[in-house]
Amino acid sequence: MRRILSILLCLSLLVFPSARAEQPQYVALTFDDGPSGRFTRRLLAGLEERQVQATFLLCGYRLEIYPELAKQIFEAGHEIGLHGYSHKDMATLSRKELQKEIDSTRALLPAGCEAVFLRPPGGSGTHLLEQVAEKEDLALLLWSVDPRDWAVHDAAAVEAAVISQVQDGDVILLHDLSDSSVDAALSIIDRLQEEGFRFVTVSELAALRGITPEPGKMYTSFP
């Protein structure tokens with residue numbers, strides 16, 4: 001009788017999966033400061049291999065250097081947002097200067113690409129920036145996980161920093177400016193996919209949580 005009960009218990013676990021399995025965890029990878037030549041190309045290849053979509057916050061001056069990469073990012077189904085033209089601290093800029101940063105970058109986006117998010121360099125936000133972003137129909141995007149990959153240059157350390165703190169709904173900040181950052185990004189994907197996480201763009205993550213990003217409003221995560 002005890003043996004029969006054990007078998008029935010095992011069968012019930014197969015029929016009724018755990019709540020965790022029924023409720024996958026979603027996160028968004030974001031990449032700042034690109035596009036950046038071979039690093040972005042390598043990252044795109046790795047994302048395609050893993051069937052992962054990400055959000056790229058691009059700088060206008062780099063779009064002028066690598067217009068073909070912006071097109072490749074967009075055509076691969078990734079989301080593109082703005083990171084300003086010059087990467088200047090937006091907290092120090094006038095209304096006219098902020099407008100120029102946005103307009104100059106938008107003009108360089110691939111045909112058909114409409115940005116939803118603006119990420120101010122360094123995450124510096126002001127009431128003036130919120131006003132300009134609202135006028136330009138852009139939500140402000142920060143982040144909830146920052147392993148400082150741009151400064152650390154150690155893929156293993158960056159991976160460990162993300163894995164130790166990531167949660168459902170997080171927006172992860174990374175860069176595609178070095179081999180160590182790309183190595184870390186791809187390792188993070190492999191590790192988190194094994195743990196049941198799914199990767200989506202920021203807009204997709206917001207939609208999964210029933211949120212429509214509002215122009216001028218700042219977002220850090222979508223738990």
# chains A, B, ... in the order shown; residues from 1 in each chain; ligands from 1
$ residues_around --residues "region 210-212 of chain A" --least-positions-apart "6" --cutoff "12 Å" --atoms "only C-alpha atoms" --output "VMD selection string"
chain A and resid 116 to 117 138 to 139 169 202 to 204 219 221 to 223
$ write_last_selection --atoms "C-alpha atoms" --output "tab-separated table (two decimals), in the first residue's frame"
chain	number	residue	atom	x	y	z
A	116	VAL	CA	9.93	54.10	-26.85
A	117	PHE	CA	12.66	54.72	-24.27
A	138	LEU	CA	9.65	59.02	-24.68
A	139	ALA	CA	9.61	57.11	-21.40
A	169	GLY	CA	11.09	41.77	-13.72
A	202	VAL	CA	11.97	46.11	-22.12
A	203	SER	CA	8.77	46.91	-24.00
A	204	GLU	CA	7.80	43.24	-23.94
A	219	TYR	CA	11.14	53.17	-15.00
A	221	SER	CA	12.11	47.50	-13.46
A	222	PHE	CA	8.81	45.73	-14.06
A	223	PRO	CA	8.29	43.26	-11.18
$ closest_atom_pairs --of "region 42-119 of chain A" --to "region 190-200 of chain A" --cutoff "9 Å" --atoms "only C-alpha atoms" --output "JSON lines"
{"residue": "A:Arg50", "atom": "CA", "partner": "A:Asp190", "partner_atom": "CA", "distance": 8.1}
{"residue": "A:Val52", "atom": "CA", "partner": "A:Phe199", "partner_atom": "CA", "distance": 6.0}
{"residue": "A:Gln53", "atom": "CA", "partner": "A:Val200", "partner_atom": "CA", "distance": 5.4}
{"residue": "A:Ala54", "atom": "CA", "partner": "A:Val200", "partner_atom": "CA", "distance": 6.2}
{"residue": "A:Thr55", "atom": "CA", "partner": "A:Val200", "partner_atom": "CA", "distance": 8.3}
$ write_last_selection --atoms "all heavy atoms" --output "compact mmCIF listing (two decimals), in the first residue's frame"
# COMPACT_ATOMS: atom_id res chain seq x y z
N ARG A 50 21.23 32.05 -29.19
CA ARG A 50 20.46 31.70 -27.99
C ARG A 50 18.98 32.09 -28.11
O ARG A 50 18.22 31.89 -27.18
CB ARG A 50 21.09 32.39 -26.78
CG ARG A 50 22.46 31.83 -26.42
CD ARG A 50 23.29 32.78 -25.59
NE ARG A 50 24.55 32.17 -25.17
CZ ARG A 50 25.61 32.08 -25.97
NH1 ARG A 50 25.56 32.57 -27.22
NH2 ARG A 50 26.72 31.51 -25.54
N VAL A 52 17.57 35.05 -28.14
CA VAL A 52 17.27 36.04 -27.11
C VAL A 52 17.12 37.42 -27.74
O VAL A 52 17.91 37.80 -28.61
CB VAL A 52 18.39 36.06 -26.04
CG1 VAL A 52 18.33 37.32 -25.21
CG2 VAL A 52 18.30 34.83 -25.16
N GLN A 53 16.09 38.15 -27.32
CA GLN A 53 15.89 39.53 -27.74
C GLN A 53 16.32 40.46 -26.61
O GLN A 53 16.09 40.18 -25.44
CB GLN A 53 14.42 39.78 -28.07
CG GLN A 53 13.87 38.87 -29.16
CD GLN A 53 14.58 39.08 -30.49
OE1 GLN A 53 14.72 40.20 -30.96
NE2 GLN A 53 15.05 38.00 -31.09
N ALA A 54 16.93 41.58 -26.98
CA ALA A 54 17.42 42.54 -25.99
C ALA A 54 17.04 43.95 -26.41
O ALA A 54 16.46 44.17 -27.48
CB ALA A 54 18.95 42.42 -25.85
N THR A 55 17.36 44.91 -25.55
CA THR A 55 17.10 46.32 -25.84
C THR A 55 18.45 47.06 -25.89
O THR A 55 19.23 46.97 -24.94
CB THR A 55 16.19 46.94 -24.77
OG1 THR A 55 14.92 46.27 -24.80
CG2 THR A 55 15.97 48.42 -25.02
$ closest_atom_pairs --of "region 23-99 of chain A" --to "region 185-188 of chain A" --cutoff "8 Å" --atoms "only C-alpha atoms" --output "JSON lines"
{"residue": "A:Leu43", "atom": "CA", "partner": "A:Leu186", "partner_atom": "CA", "distance": 7.8}
{"residue": "A:Gly46", "atom": "CA", "partner": "A:Leu186", "partner_atom": "CA", "distance": 6.6}
{"residue": "A:Leu47", "atom": "CA", "partner": "A:Leu186", "partner_atom": "CA", "distance": 7.5}
$ write_last_selection --atoms "C-alpha atoms" --output "PDB file, in the first residue's frame"
ATOM      1  CA  LEU A  43      27.007  40.028 -29.242  1.00  0.00           C
ATOM      2  CA  GLY A  46      25.492  35.200 -29.561  1.00  0.00           C
ATOM      3  CA  LEU A  47      21.977  36.522 -28.998  1.00  0.00           C
TER       4      LEU A  47
END
$ select_by_dssp --residues "region 8-167 of chain A" --states "alpha helix (DSSP H)" --output "mmCIF file with N, CA and C atoms, in the first residue's frame"
data_model
loop_
_atom_site.group_PDB
_atom_site.id
_atom_site.type_symbol
_atom_site.label_atom_id
_atom_site.label_comp_id
_atom_site.auth_asym_id
_atom_site.auth_seq_id
_atom_site.Cartn_x
_atom_site.Cartn_y
_atom_site.Cartn_z
ATOM 1 N N LEU A 8 1.670 6.948 -6.738
ATOM 2 C CA LEU A 8 0.637 7.939 -7.021
ATOM 3 C C LEU A 8 1.136 9.361 -6.776
ATOM 4 N N LEU A 9 1.952 9.544 -5.727
ATOM 5 C CA LEU A 9 2.514 10.857 -5.422
ATOM 6 C C LEU A 9 3.423 11.329 -6.544
ATOM 7 N N CYS A 10 4.256 10.420 -7.047
ATOM 8 C CA CYS A 10 5.161 10.766 -8.147
ATOM 9 C C CYS A 10 4.371 11.155 -9.393
ATOM 10 N N LEU A 11 3.305 10.393 -9.666
ATOM 11 C CA LEU A 11 2.478 10.692 -10.827
ATOM 12 C C LEU A 11 1.798 12.052 -10.692
ATOM 13 N N SER A 12 1.382 12.382 -9.463
ATOM 14 C CA SER A 12 0.719 13.669 -9.249
ATOM 15 C C SER A 12 1.671 14.819 -9.486
ATOM 16 N N LEU A 13 2.945 14.651 -9.188
ATOM 17 C CA LEU A 13 3.931 15.708 -9.408
ATOM 18 C C LEU A 13 4.164 15.933 -10.892
ATOM 19 N N LEU A 14 4.026 14.839 -11.670
ATOM 20 C CA LEU A 14 4.174 14.976 -13.111
ATOM 21 C C LEU A 14 2.964 15.664 -13.725
ATOM 22 N N VAL A 15 1.797 15.354 -13.210
ATOM 23 C CA VAL A 15 0.570 15.906 -13.756
ATOM 24 C C VAL A 15 0.369 17.361 -13.356
ATOM 25 N N ALA A 19 4.281 25.593 -9.045
ATOM 26 C CA ALA A 19 3.874 26.961 -9.378
ATOM 27 C C ALA A 19 5.011 27.709 -10.045
ATOM 28 N N ARG A 20 6.264 27.445 -9.642
ATOM 29 C CA ARG A 20 7.419 28.124 -10.245
ATOM 30 C C ARG A 20 7.525 27.792 -11.720
ATOM 31 N N ALA A 21 7.278 26.474 -12.050
ATOM 32 C CA ALA A 21 7.354 26.080 -13.448
ATOM 33 C C ALA A 21 6.239 26.721 -14.258
ATOM 34 N N GLU A 22 5.060 26.933 -13.635
ATOM 35 C CA GLU A 22 3.921 27.523 -14.326
ATOM 36 C C GLU A 22 4.094 29.028 -14.503
ATOM 37 N N ARG A 38 33.012 45.345 -33.790
ATOM 38 C CA ARG A 38 33.107 43.885 -33.642
ATOM 39 C C ARG A 38 32.456 43.387 -32.365
ATOM 40 N N PHE A 39 32.422 44.197 -31.301
ATOM 41 C CA PHE A 39 31.790 43.760 -30.057
ATOM 42 C C PHE A 39 30.277 43.590 -30.246
ATOM 43 N N THR A 40 29.670 44.558 -30.915
ATOM 44 C CA THR A 40 28.236 44.455 -31.177
ATOM 45 C C THR A 40 27.946 43.293 -32.124
ATOM 46 N N ARG A 41 28.783 43.120 -33.145
ATOM 47 C CA ARG A 41 28.573 42.001 -34.077
ATOM 48 C C ARG A 41 28.650 40.662 -33.345
ATOM 49 N N ARG A 42 29.617 40.528 -32.477
ATOM 50 C CA ARG A 42 29.766 39.277 -31.727
ATOM 51 C C ARG A 42 28.585 39.061 -30.788
ATOM 52 N N LEU A 43 28.152 40.133 -30.142
ATOM 53 C CA LEU A 43 27.007 40.028 -29.242
ATOM 54 C C LEU A 43 25.756 39.621 -30.013
ATOM 55 N N LEU A 44 25.509 40.240 -31.156
ATOM 56 C CA LEU A 44 24.335 39.910 -31.950
ATOM 57 C C LEU A 44 24.346 38.446 -32.374
ATOM 58 N N ALA A 45 25.513 37.943 -32.738
ATOM 59 C CA ALA A 45 25.616 36.532 -33.122
ATOM 60 C C ALA A 45 25.279 35.634 -31.941
ATOM 61 N N GLY A 46 25.766 35.994 -30.758
ATOM 62 C CA GLY A 46 25.492 35.200 -29.561
ATOM 63 C C GLY A 46 24.032 35.245 -29.168
ATOM 64 N N LEU A 47 23.395 36.403 -29.309
ATOM 65 C CA LEU A 47 21.977 36.522 -28.998
ATOM 66 C C LEU A 47 21.141 35.697 -29.972
ATOM 67 N N GLU A 48 21.508 35.745 -31.242
ATOM 68 C CA GLU A 48 20.771 34.967 -32.242
ATOM 69 C C GLU A 48 20.890 33.469 -31.968
ATOM 70 N N GLU A 49 22.094 33.037 -31.628
ATOM 71 C CA GLU A 49 22.318 31.623 -31.326
ATOM 72 C C GLU A 49 21.449 31.162 -30.158
ATOM 73 N N ARG A 50 21.229 32.053 -29.195
ATOM 74 C CA ARG A 50 20.462 31.702 -27.993
ATOM 75 C C ARG A 50 18.980 32.086 -28.112
ATOM 76 N N GLY A 60 23.975 58.595 -30.717
ATOM 77 C CA GLY A 60 23.940 59.132 -32.061
ATOM 78 C C GLY A 60 25.292 59.160 -32.749
ATOM 79 N N TYR A 61 26.325 59.562 -32.034
ATOM 80 C CA TYR A 61 27.629 59.670 -32.693
ATOM 81 C C TYR A 61 28.154 58.307 -33.124
ATOM 82 N N ARG A 62 27.735 57.246 -32.435
ATOM 83 C CA ARG A 62 28.130 55.892 -32.841
ATOM 84 C C ARG A 62 27.243 55.378 -33.975
ATOM 85 N N LEU A 63 26.016 55.838 -34.008
ATOM 86 C CA LEU A 63 25.144 55.477 -35.124
ATOM 87 C C LEU A 63 25.703 56.019 -36.437
ATOM 88 N N GLU A 64 26.347 57.172 -36.374
ATOM 89 C CA GLU A 64 26.955 57.730 -37.579
ATOM 90 C C GLU A 64 28.124 56.876 -38.055
ATOM 91 N N ILE A 65 28.814 56.245 -37.123
ATOM 92 C CA ILE A 65 29.967 55.412 -37.478
ATOM 93 C C ILE A 65 29.530 54.038 -37.962
ATOM 94 N N PRO A 67 26.158 52.743 -39.058
ATOM 95 C CA PRO A 67 24.734 52.711 -39.424
ATOM 96 C C PRO A 67 24.252 51.317 -39.791
ATOM 97 N N GLU A 68 25.139 50.509 -40.379
ATOM 98 C CA GLU A 68 24.731 49.158 -40.779
ATOM 99 C C GLU A 68 24.451 48.277 -39.570
ATOM 100 N N LEU A 69 25.107 48.544 -38.450
ATOM 101 C CA LEU A 69 24.864 47.748 -37.245
ATOM 102 C C LEU A 69 23.523 48.099 -36.619
ATOM 103 N N ALA A 70 23.148 49.364 -36.659
ATOM 104 C CA ALA A 70 21.833 49.756 -36.150
ATOM 105 C C ALA A 70 20.747 49.043 -36.947
ATOM 106 N N LYS A 71 20.915 48.970 -38.247
ATOM 107 C CA LYS A 71 19.947 48.269 -39.104
ATOM 108 C C LYS A 71 19.912 46.788 -38.766
ATOM 109 N N GLN A 72 21.096 46.209 -38.525
ATOM 110 C CA GLN A 72 21.169 44.784 -38.179
ATOM 111 C C GLN A 72 20.473 44.510 -36.845
ATOM 112 N N ILE A 73 20.682 45.384 -35.866
ATOM 113 C CA ILE A 73 20.024 45.242 -34.561
ATOM 114 C C ILE A 73 18.506 45.260 -34.731
ATOM 115 N N PHE A 74 18.026 46.233 -35.489
ATOM 116 C CA PHE A 74 16.585 46.397 -35.680
ATOM 117 C C PHE A 74 15.983 45.226 -36.451
ATOM 118 N N GLU A 75 16.641 44.816 -37.517
ATOM 119 C CA GLU A 75 16.105 43.733 -38.352
ATOM 120 C C GLU A 75 16.150 42.384 -37.649
ATOM 121 N N ARG A 95 17.208 72.985 -22.115
ATOM 122 C CA ARG A 95 16.098 72.409 -22.882
ATOM 123 C C ARG A 95 16.474 72.283 -24.365
ATOM 124 N N LYS A 96 17.081 73.318 -24.902
ATOM 125 C CA LYS A 96 17.471 73.299 -26.314
ATOM 126 C C LYS A 96 18.495 72.207 -26.581
ATOM 127 N N GLU A 97 19.452 72.049 -25.668
ATOM 128 C CA GLU A 97 20.477 71.025 -25.844
ATOM 129 C C GLU A 97 19.895 69.618 -25.733
ATOM 130 N N LEU A 98 18.961 69.416 -24.795
ATOM 131 C CA LEU A 98 18.302 68.115 -24.666
ATOM 132 C C LEU A 98 17.525 67.780 -25.932
ATOM 133 N N GLN A 99 16.834 68.772 -26.454
ATOM 134 C CA GLN A 99 16.058 68.567 -27.680
ATOM 135 C C GLN A 99 16.979 68.146 -28.822
ATOM 136 N N LYS A 100 18.128 68.788 -28.913
ATOM 137 C CA LYS A 100 19.074 68.464 -29.981
ATOM 138 C C LYS A 100 19.635 67.049 -29.805
ATOM 139 N N GLU A 101 19.927 66.643 -28.559
ATOM 140 C CA GLU A 101 20.425 65.291 -28.299
ATOM 141 C C GLU A 101 19.428 64.238 -28.790
ATOM 142 N N ILE A 102 18.152 64.491 -28.543
ATOM 143 C CA ILE A 102 17.108 63.544 -28.943
ATOM 144 C C ILE A 102 16.897 63.568 -30.450
ATOM 145 N N ASP A 103 16.723 64.754 -31.010
ATOM 146 C CA ASP A 103 16.441 64.878 -32.442
ATOM 147 C C ASP A 103 17.581 64.318 -33.290
ATOM 148 N N SER A 104 18.815 64.618 -32.905
ATOM 149 C CA SER A 104 19.968 64.193 -33.689
ATOM 150 C C SER A 104 20.112 62.672 -33.690
ATOM 151 N N THR A 105 19.753 62.049 -32.572
ATOM 152 C CA THR A 105 19.854 60.597 -32.487
ATOM 153 C C THR A 105 18.698 59.930 -33.230
ATOM 154 N N ARG A 106 17.508 60.446 -33.042
ATOM 155 C CA ARG A 106 16.328 59.889 -33.734
ATOM 156 C C ARG A 106 16.520 59.886 -35.248
ATOM 157 N N HIS A 127 13.858 67.231 -13.622
ATOM 158 C CA HIS A 127 12.480 67.570 -13.982
ATOM 159 C C HIS A 127 12.421 68.100 -15.412
ATOM 160 N N LEU A 128 13.442 68.834 -15.810
ATOM 161 C CA LEU A 128 13.494 69.352 -17.175
ATOM 162 C C LEU A 128 13.561 68.207 -18.176
ATOM 163 N N LEU A 129 14.390 67.212 -17.897
ATOM 164 C CA LEU A 129 14.493 66.055 -18.787
ATOM 165 C C LEU A 129 13.147 65.337 -18.890
ATOM 166 N N GLU A 130 12.459 65.209 -17.771
ATOM 167 C CA GLU A 130 11.140 64.571 -17.786
ATOM 168 C C GLU A 130 10.176 65.351 -18.674
ATOM 169 N N GLN A 131 10.242 66.672 -18.599
ATOM 170 C CA GLN A 131 9.365 67.506 -19.425
ATOM 171 C C GLN A 131 9.657 67.322 -20.911
ATOM 172 N N VAL A 132 10.944 67.340 -21.253
ATOM 173 C CA VAL A 132 11.331 67.186 -22.658
ATOM 174 C C VAL A 132 10.967 65.793 -23.159
ATOM 175 N N ALA A 133 11.229 64.772 -22.338
ATOM 176 C CA ALA A 133 10.901 63.396 -22.729
ATOM 177 C C ALA A 133 9.395 63.238 -22.941
ATOM 178 N N GLU A 134 8.611 63.854 -22.080
ATOM 179 C CA GLU A 134 7.155 63.770 -22.233
ATOM 180 C C GLU A 134 6.718 64.411 -23.549
ATOM 181 N N LYS A 135 7.282 65.552 -23.852
ATOM 182 C CA LYS A 135 6.960 66.250 -25.105
ATOM 183 C C LYS A 135 7.342 65.395 -26.312
ATOM 184 N N ASP A 149 29.953 46.599 -15.604
ATOM 185 C CA ASP A 149 30.832 45.867 -16.517
ATOM 186 C C ASP A 149 31.802 46.781 -17.245
ATOM 187 N N TRP A 150 31.406 48.045 -17.457
ATOM 188 C CA TRP A 150 32.271 48.989 -18.157
ATOM 189 C C TRP A 150 33.538 49.297 -17.363
ATOM 190 N N ALA A 151 33.479 49.120 -16.051
ATOM 191 C CA ALA A 151 34.625 49.428 -15.190
ATOM 192 C C ALA A 151 35.365 48.181 -14.727
ATOM 193 N N VAL A 152 34.628 47.076 -14.570
ATOM 194 C CA VAL A 152 35.222 45.871 -13.984
ATOM 195 C C VAL A 152 36.104 45.113 -14.972
ATOM 196 N N ALA A 155 34.736 39.220 -16.843
ATOM 197 C CA ALA A 155 33.471 38.575 -17.207
ATOM 198 C C ALA A 155 32.896 37.746 -16.070
ATOM 199 N N ALA A 156 33.752 37.000 -15.380
ATOM 200 C CA ALA A 156 33.275 36.150 -14.291
ATOM 201 C C ALA A 156 32.699 36.978 -13.150
ATOM 202 N N ALA A 157 33.356 38.083 -12.829
ATOM 203 C CA ALA A 157 32.873 38.939 -11.750
ATOM 204 C C ALA A 157 31.550 39.602 -12.123
ATOM 205 N N VAL A 158 31.419 40.027 -13.370
ATOM 206 C CA VAL A 158 30.175 40.637 -13.832
ATOM 207 C C VAL A 158 29.040 39.623 -13.793
ATOM 208 N N GLU A 159 29.317 38.427 -14.285
ATOM 209 C CA GLU A 159 28.303 37.368 -14.253
ATOM 210 C C GLU A 159 27.856 37.085 -12.822
ATOM 211 N N ALA A 160 28.810 36.944 -11.909
ATOM 212 C CA ALA A 160 28.479 36.655 -10.509
ATOM 213 C C ALA A 160 27.645 37.761 -9.890
ATOM 214 N N ALA A 161 27.968 39.015 -10.219
ATOM 215 C CA ALA A 161 27.225 40.145 -9.659
ATOM 216 C C ALA A 161 25.774 40.124 -10.106
ATOM 217 N N VAL A 162 25.544 39.793 -11.361
ATOM 218 C CA VAL A 162 24.165 39.745 -11.869
ATOM 219 C C VAL A 162 23.412 38.563 -11.272
ATOM 220 N N ILE A 163 24.023 37.388 -11.321
ATOM 221 C CA ILE A 163 23.355 36.167 -10.855
ATOM 222 C C ILE A 163 22.974 36.281 -9.380
ATOM 223 N N SER A 164 23.795 36.961 -8.594
ATOM 224 C CA SER A 164 23.560 37.036 -7.153
ATOM 225 C C SER A 164 22.375 37.908 -6.774
ATOM 226 N N GLN A 165 21.942 38.788 -7.684
ATOM 227 C CA GLN A 165 20.878 39.722 -7.304
ATOM 228 C C GLN A 165 19.681 39.754 -8.239
#
$ residues_around --residues "Gly123 (chain A)" --least-positions-apart "6" --cutoff "9 Å" --atoms "only C-alpha atoms" --output "MDAnalysis selection string"
chainID A and resid 89:90 141:143
$ select_by_dssp --residues "region 141-186 of chain A" --states "strand (DSSP E)" --output "list of chain:residue names"
A:Leu141, A:Val171, A:Ile172, A:Leu173, A:Leu174, A:His175
$ residues_around --residues "Gln167 (chain A)" --least-positions-apart "5" --cutoff "9 Å" --atoms "only C-alpha atoms" --output "compact mmCIF listing (two decimals) with all heavy atoms, in the first residue's frame"
# COMPACT_ATOMS: atom_id res chain seq x y z
N GLN A 25 10.02 33.30 -14.98
CA GLN A 25 10.54 34.60 -14.59
C GLN A 25 11.14 35.30 -15.81
O GLN A 25 11.87 34.69 -16.59
CB GLN A 25 11.60 34.43 -13.50
CG GLN A 25 11.06 33.74 -12.24
CD GLN A 25 12.09 33.71 -11.13
OE1 GLN A 25 12.25 34.65 -10.38
NE2 GLN A 25 12.79 32.60 -11.04
N TYR A 26 10.80 36.57 -15.94
CA TYR A 26 11.22 37.33 -17.12
C TYR A 26 12.17 38.47 -16.71
O TYR A 26 11.95 39.13 -15.70
CB TYR A 26 10.01 37.94 -17.82
CG TYR A 26 9.10 36.92 -18.47
CD1 TYR A 26 8.02 36.38 -17.76
CD2 TYR A 26 9.31 36.50 -19.78
CE1 TYR A 26 7.18 35.44 -18.36
CE2 TYR A 26 8.47 35.57 -20.38
CZ TYR A 26 7.41 35.04 -19.66
OH TYR A 26 6.58 34.12 -20.25
N VAL A 27 13.20 38.68 -17.52
CA VAL A 27 14.11 39.80 -17.32
C VAL A 27 14.45 40.41 -18.68
O VAL A 27 14.26 39.78 -19.73
CB VAL A 27 15.42 39.37 -16.61
CG1 VAL A 27 15.15 38.95 -15.19
CG2 VAL A 27 16.11 38.26 -17.38
N PRO A 223 8.49 44.47 -11.98
CA PRO A 223 8.29 43.26 -11.18
C PRO A 223 6.84 42.78 -11.21
O PRO A 223 5.95 43.53 -11.62
CB PRO A 223 8.69 43.71 -9.78
CG PRO A 223 8.44 45.18 -9.77
CD PRO A 223 8.74 45.66 -11.16
$ atom_distance --atom1 "CA of His153 (chain A)" --atom2 "CA of Ala91 (chain A)"
27.1 Å
$ atom_distance --atom1 "CA of Phe31 (chain A)" --atom2 "CA of Lys88 (chain A)"
17.1 Å
